[in-house]
Each structure stands twice: as C-alpha cells, then as structure tokens.
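What follows is the content of start-v1.txt, which has compact mmCIF, C-alpha atoms:
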```txt
# COMPACT_ATOMS: atom_id res chain seq x y z
CA MET S 1 -37.72 -12.27 -46.58
CA LYS S 2 -36.26 -12.49 -43.09
CA ILE S 3 -34.32 -9.61 -41.65
CA LYS S 4 -31.05 -10.55 -40.05
CA LYS S 5 -30.47 -8.92 -36.70
CA GLN S 6 -26.99 -7.66 -36.01
CA PHE S 7 -25.77 -6.96 -32.53
CA LEU S 8 -22.91 -4.73 -31.63
CA LYS S 9 -20.25 -6.63 -29.82
CA LEU S 10 -19.01 -4.49 -26.99
CA GLU S 11 -15.41 -5.27 -26.26
CA GLU S 12 -14.31 -5.59 -22.70
CA ASP S 13 -11.74 -3.19 -21.38
CA LEU S 14 -8.63 -5.35 -21.27
CA THR S 15 -6.18 -2.59 -20.48
CA GLU S 16 -3.68 -2.81 -17.68
CA ILE S 17 -2.23 -0.11 -15.50
CA SER S 18 1.15 -0.14 -13.90
CA ILE S 19 1.41 0.60 -10.19
CA GLY S 20 4.39 0.75 -7.88
CA LEU S 21 4.67 -1.21 -4.67
CA ILE S 22 6.41 0.66 -1.86
CA ARG S 23 7.97 -1.26 1.02
CA LEU S 24 9.41 0.48 4.06
CA ILE S 25 12.73 -0.71 5.49
CA LYS S 26 11.54 0.04 9.01
CA PRO S 27 8.14 1.22 10.24
CA ILE S 28 7.89 5.01 10.51
CA PRO S 29 4.87 7.30 10.93
CA GLU S 30 3.22 8.57 7.74
CA TYR S 31 3.84 12.22 8.53
CA GLU S 32 7.59 11.58 8.90
CA LEU S 33 7.77 9.59 5.65
CA PHE S 34 6.00 12.25 3.60
CA PHE S 35 8.01 15.02 5.23
CA MET S 36 11.19 13.33 3.92
CA ILE S 37 9.65 12.69 0.49
CA ASN S 38 8.50 16.33 0.22
CA ARG S 39 11.93 17.58 1.26
CA ALA S 40 13.58 15.57 -1.55
CA ASN S 41 11.17 16.63 -4.36
CA ASP S 42 10.07 19.90 -5.96
CA PHE S 43 6.42 18.85 -5.84
CA GLN S 44 4.71 18.36 -2.49
CA PHE S 45 2.51 15.47 -1.39
CA SER S 46 -0.52 16.35 0.67
CA ARG S 47 -3.17 14.25 2.35
CA THR S 48 -6.41 13.93 0.41
CA ALA S 49 -9.69 12.19 1.20
CA ASP S 50 -9.26 8.62 2.41
CA ILE S 51 -10.41 5.70 0.30
CA LYS S 52 -13.40 4.00 1.92
CA ILE S 53 -14.35 0.39 1.31
CA GLU S 54 -17.58 -0.87 2.83
CA GLY S 55 -17.70 -4.44 4.05
CA GLN S 56 -20.50 -6.41 5.62
CA TYR S 57 -19.26 -5.91 9.19
CA PHE S 58 -16.62 -3.17 8.87
CA ASP S 59 -15.94 0.01 6.91
CA TYR S 60 -12.26 0.27 5.98
CA TYR S 61 -10.31 3.48 5.40
CA PHE S 62 -7.02 3.78 3.49
CA SER S 63 -4.90 6.94 3.60
CA ARG S 64 -4.15 8.71 0.34
CA TYR S 65 -1.51 11.34 -0.52
CA GLN S 66 -1.32 13.18 -3.85
CA ALA S 67 1.13 15.47 -5.61
CA TYR S 68 1.23 17.08 -9.04
CA ASP S 69 4.53 17.42 -10.91
CA ARG S 70 4.31 20.42 -13.23
CA LEU S 71 7.40 19.44 -15.22
CA SER S 72 6.17 16.01 -16.27
CA LYS S 73 2.47 16.93 -15.88
CA ASN S 74 1.77 13.83 -13.81
CA CYS S 75 -0.31 13.31 -10.72
CA PHE S 76 1.20 10.82 -8.28
CA THR S 77 -0.84 9.11 -5.57
CA PHE S 78 0.34 7.09 -2.58
CA ILE S 79 -2.35 4.80 -1.12
CA SER S 80 -1.80 2.76 2.03
CA ASN S 81 -2.07 -0.95 1.31
CA LYS S 82 -3.21 -1.77 4.84
CA SER S 83 -6.32 -0.15 6.26
CA ILE S 84 -5.48 2.60 8.73
CA LEU S 85 -8.92 2.55 10.35
CA SER S 86 -11.81 0.12 10.51
CA VAL S 87 -15.21 1.05 11.88
CA GLU S 88 -17.42 -1.80 13.04
CA LYS S 89 -20.94 -1.54 11.62
CA LYS S 90 -22.45 -4.60 13.26
CA THR S 91 -21.22 -7.46 15.39
CA GLN S 92 -20.27 -10.74 13.81
CA ASN S 93 -22.48 -13.64 14.79
CA GLU S 94 -20.86 -16.15 12.46
CA LEU S 95 -18.14 -18.41 13.79
CA PHE S 96 -16.08 -18.51 10.59
CA SER S 97 -16.44 -15.12 8.99
CA ASN S 98 -13.93 -14.17 6.32
CA GLU S 99 -14.01 -10.49 7.30
CA SER S 100 -11.62 -9.13 9.93
CA ASN S 101 -10.88 -5.66 11.24
CA ILE S 102 -7.82 -5.32 8.96
CA LYS S 103 -8.03 -5.27 5.17
CA PHE S 104 -5.36 -5.11 2.46
CA LEU S 105 -5.95 -3.65 -0.99
CA LEU S 106 -3.48 -6.15 -2.47
CA ASN S 107 -3.84 -9.43 -0.59
CA VAL S 108 -1.08 -11.08 -2.62
CA HIS S 109 1.36 -8.34 -1.53
CA GLN S 110 0.61 -7.80 2.13
CA ASP S 111 4.26 -6.89 2.69
CA ALA S 112 3.82 -3.73 0.58
CA ASP S 113 3.14 -0.66 2.71
CA TYR S 114 1.96 1.72 -0.05
CA ILE S 115 0.67 1.56 -3.59
CA LEU S 116 1.93 4.26 -5.94
CA THR S 117 -0.18 5.25 -8.94
CA ASN S 118 0.42 7.70 -11.74
CA SER S 119 -2.02 9.60 -13.94
CA ASP S 120 0.09 8.94 -17.03
CA MET S 121 -0.66 5.87 -19.10
CA PHE S 122 3.04 4.92 -19.08
CA ALA S 123 4.02 5.14 -15.45
CA ASP S 124 7.51 6.44 -14.72
CA PHE S 125 8.09 6.20 -11.00
CA SER S 126 11.73 7.26 -11.30
CA LEU S 127 10.56 10.89 -11.30
CA ILE S 128 9.98 10.67 -7.54
CA LEU S 129 13.01 10.90 -5.29
CA LEU S 130 12.54 8.63 -2.29
CA PRO S 131 14.58 8.58 0.93
CA GLU S 132 17.07 5.74 0.51
CA ASN S 133 17.39 4.77 4.17
CA PHE S 134 13.67 4.24 4.67
CA ILE S 135 12.24 2.77 1.44
CA PHE S 136 13.26 -0.19 -0.71
CA GLN S 137 13.34 0.18 -4.47
CA ILE S 138 9.89 0.53 -6.10
CA GLN S 139 8.56 -2.71 -7.54
CA GLU S 140 6.38 -2.29 -10.61
CA TYR S 141 3.21 -4.37 -10.71
CA SER S 142 0.58 -4.65 -13.45
CA LEU S 143 -3.10 -4.53 -12.58
CA SER S 144 -5.60 -5.97 -15.02
CA SER S 145 -8.98 -4.36 -15.50
CA ASP S 146 -10.85 -7.24 -13.87
CA GLU S 147 -9.20 -6.72 -10.46
CA GLU S 148 -11.05 -4.84 -7.71
CA LEU S 149 -8.12 -2.49 -7.05
CA TYR S 150 -8.10 -1.41 -10.72
CA GLN S 151 -11.73 -0.31 -10.46
CA LEU S 152 -11.03 1.44 -7.15
CA ILE S 153 -8.09 3.42 -8.59
CA GLN S 154 -10.16 4.43 -11.62
CA TYR S 155 -12.99 5.58 -9.37
CA TYR S 156 -10.81 7.75 -7.11
CA GLU S 157 -8.72 9.19 -9.97
```
Would you write out, as structure tokens, the structure that this file holds?
Amino acid sequence: MKIKKQFLKLEEDLTEISIGLIRLIKPIPEYELFFMINRANDFQFSRTADIKIEGQYFDYYFSRYQAYDRLSKNCFTFISNKSILSVEKKTQNELFSNESNIKFLLNVHQDADYILTNSDMFADFSLILLPENFIFQIQEYSLSSDEELYQLIQYYE
C-alpha cells in the first residue's frame, strides 16, 4: 500500500497596509516643519535612526521621525520619500547605469515629500494636526505585501 504524502500549503501574506503621502506646499527645512507639527500636537516627533538602503554604487539614507500618541496608543512615523544623503561606494564604469545619486522610496509618487505610517492596523491619520499653510491634505495609499517599501516598513517598525 502506498503512502500518500501531504504537504502543508503555506499561504502568502497578502495583507495591505495603509500609508499617508505628505506633500509640502512650499519647500521648508525639516526642523522647521517638525517644530510646527510638534507645536500643534500633544505628542512630540523626534528624529530616530535613518533608514539605509544599500545599492550597488550608492548607499541611500532617508530621514525618519517618530512620535507616540498615548491617547490612541499609536506610533506615527514620518519617512522622507527622497533620499537626504547618498554615499558613493564605488565609481560607475557603465555608460547606462540605472542607479543615480538620488533615490525615492515610492517611484510612482516622486512628488510626495514624506511617507506617514501608523502602528495600528487601521490607520487613522486624522489624529495628527498638520500646519495648514505648509502641507496639503494627506493622501491615503495602500501598499501590498509584495512591494519593497512594505518590507522596509515592516523591518524598521
């Protein structure tokens, strides 16, 4: 009698997370922006360790600010969409290299200045008071689990 082998089928993680896209009305320094955000809210954003992405020719750094709201028990994180620093590791010898000294976390939304994440599964970005004269309304965007940014947010959370 033959024994039938059964394999466990591992399901892929098909969850999505909701992030907010922040666009500035006019360019202002980060310290000024977060000073105004901190002045408007009870919780305070502070600079945490930068996100580092290693490329073939450059290492890219993205600024990150976090705050914890005790009332809603949520941790909010602002991440710069555009790299604030790039360190060249080796010189490019290829004529048509697809790597430059500037990198965006969301290439499809290069006009977004910051990405806002929330530790809660159901993101409610209305809990953050933003300065009206400097920031457009937050645009919600869904990230699927197969995107690189999804994995990056999960790693740094």
Sorted by chain and rising residue number, which residues of stretch 45-89 of chain S lie within 12 Å of stretch 145-149 of chain S, and what are their closest atom pairs and distances in Å to one decimal, counting only C-alpha atoms, as CSV?
```
residue,atom,partner,partner_atom,distance
S:Ile51,CA,S:Leu149,CA,11.2
S:Ile53,CA,S:Leu149,CA,10.8
S:Ile79,CA,S:Leu149,CA,11.0
S:Asn81,CA,S:Leu149,CA,10.4
```
> Which residues, protein or nucleic acid, reach to within 7 Å of (-18.6, -10.1, 7.3) in the file's coordinates when using only C-alpha atoms, and can you give that as a list in words?
Replying inline: Gly55, Gln56, Tyr57, Gln92, Ser97, Asn98 and Glu99 of chain S
> Near S:Phe104, counting all atoms listed in the file, which residues have an atom at most 8 Å away, once you skip same-chain residues fewer than 6 positions from it, shown as a list in words?
Replying inline: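 The residues that qualify are Asn81, Lys82, Ser83 and Gln110 of chain S.
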Which residues are near S:Tyr150? Cut-off 9 Å, all atoms listed in the file, ignore same chain within fewer than 6 positions. Put them as a PDB file with C-alpha atoms, in the coordinates of the input.
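Once written, around_20.pdb looks like this:
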```pdb
ATOM      1  CA  GLU S  16      -3.680  -2.810 -17.680  1.00  0.00           C
ATOM      2  CA  ILE S  17      -2.230  -0.110 -15.500  1.00  0.00           C
ATOM      3  CA  LEU S 143      -3.100  -4.530 -12.580  1.00  0.00           C
ATOM      4  CA  SER S 144      -5.600  -5.970 -15.020  1.00  0.00           C
TER       5      SER S 144
END
```
> atom CA of S:Asn38 and atom CA of S:Val108, how far apart in Å?
Replying inline: 29.2 Å
>> To one decimal place in Å, what is the distance between atom CA of S:Tyr114 and atom CA of S:Leu71?
In response: 24.0 Å
> Using only C-alpha atoms, which residue out of S:Cys75, S:Ser80, S:Ile37, S:Gln44 lies closest to S:Phe62?
Replying inline: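 Comparing S:Cys75, S:Ser80, S:Ile37, S:Gln44 against S:Phe62, the winner is S:Ser80.
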> Please, what distance in Å, to one decimal, runs between atom CA of S:Glu88 and atom CA of S:Tyr65?
Replying inline: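 Between atom CA of S:Glu88 and atom CA of S:Tyr65 the gap works out to 24.7 Å.
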Fewer than 3 positions away in the same chain doesn't count, so skip those; otherwise give me all residues within 12 Å of S:Phe35, counting all atoms listed in the file, as a short mmCIF file (atom, residue, chain, number, x, y, z; two decimals) with C-alpha atoms, in the frame of the given file.
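What follows is the written file result-v3.cif:
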```cif
data_model
loop_
_atom_site.label_atom_id
_atom_site.label_comp_id
_atom_site.auth_asym_id
_atom_site.auth_seq_id
_atom_site.Cartn_x
_atom_site.Cartn_y
_atom_site.Cartn_z
CA ILE S 28 7.89 5.01 10.51
CA PRO S 29 4.87 7.30 10.93
CA GLU S 30 3.22 8.57 7.74
CA TYR S 31 3.84 12.22 8.53
CA GLU S 32 7.59 11.58 8.90
CA ASN S 38 8.50 16.33 0.22
CA ARG S 39 11.93 17.58 1.26
CA ALA S 40 13.58 15.57 -1.55
CA ASN S 41 11.17 16.63 -4.36
CA PHE S 43 6.42 18.85 -5.84
CA GLN S 44 4.71 18.36 -2.49
CA PHE S 45 2.51 15.47 -1.39
CA SER S 46 -0.52 16.35 0.67
CA ARG S 47 -3.17 14.25 2.35
CA TYR S 65 -1.51 11.34 -0.52
CA LEU S 130 12.54 8.63 -2.29
CA PRO S 131 14.58 8.58 0.93
#
```
>> I need the residue nearest S:Thr77 from this list: S:Ile138, S:Ile25, S:Leu33, S:Ile153. Use only C-alpha atoms for the distance.
In response: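 Distance minimum relative to S:Thr77 lands on S:Ile153.
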> Which one of S:Leu116, S:Lys103, S:Gly20, S:Lys26 sits closest to S:Tyr61 if you count only C-alpha atoms?
Replying inline: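 That would be S:Lys103, the residue with the smallest distance to S:Tyr61.
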>> Counting all atoms listed in the file, which residues sit no farther than 7 Å from the position (-8.8, 10.2, -4.2) in the file's frame? I'd like them as an MDAnalysis selection string.
In response: chainID S and resid 48:51 64 156:157
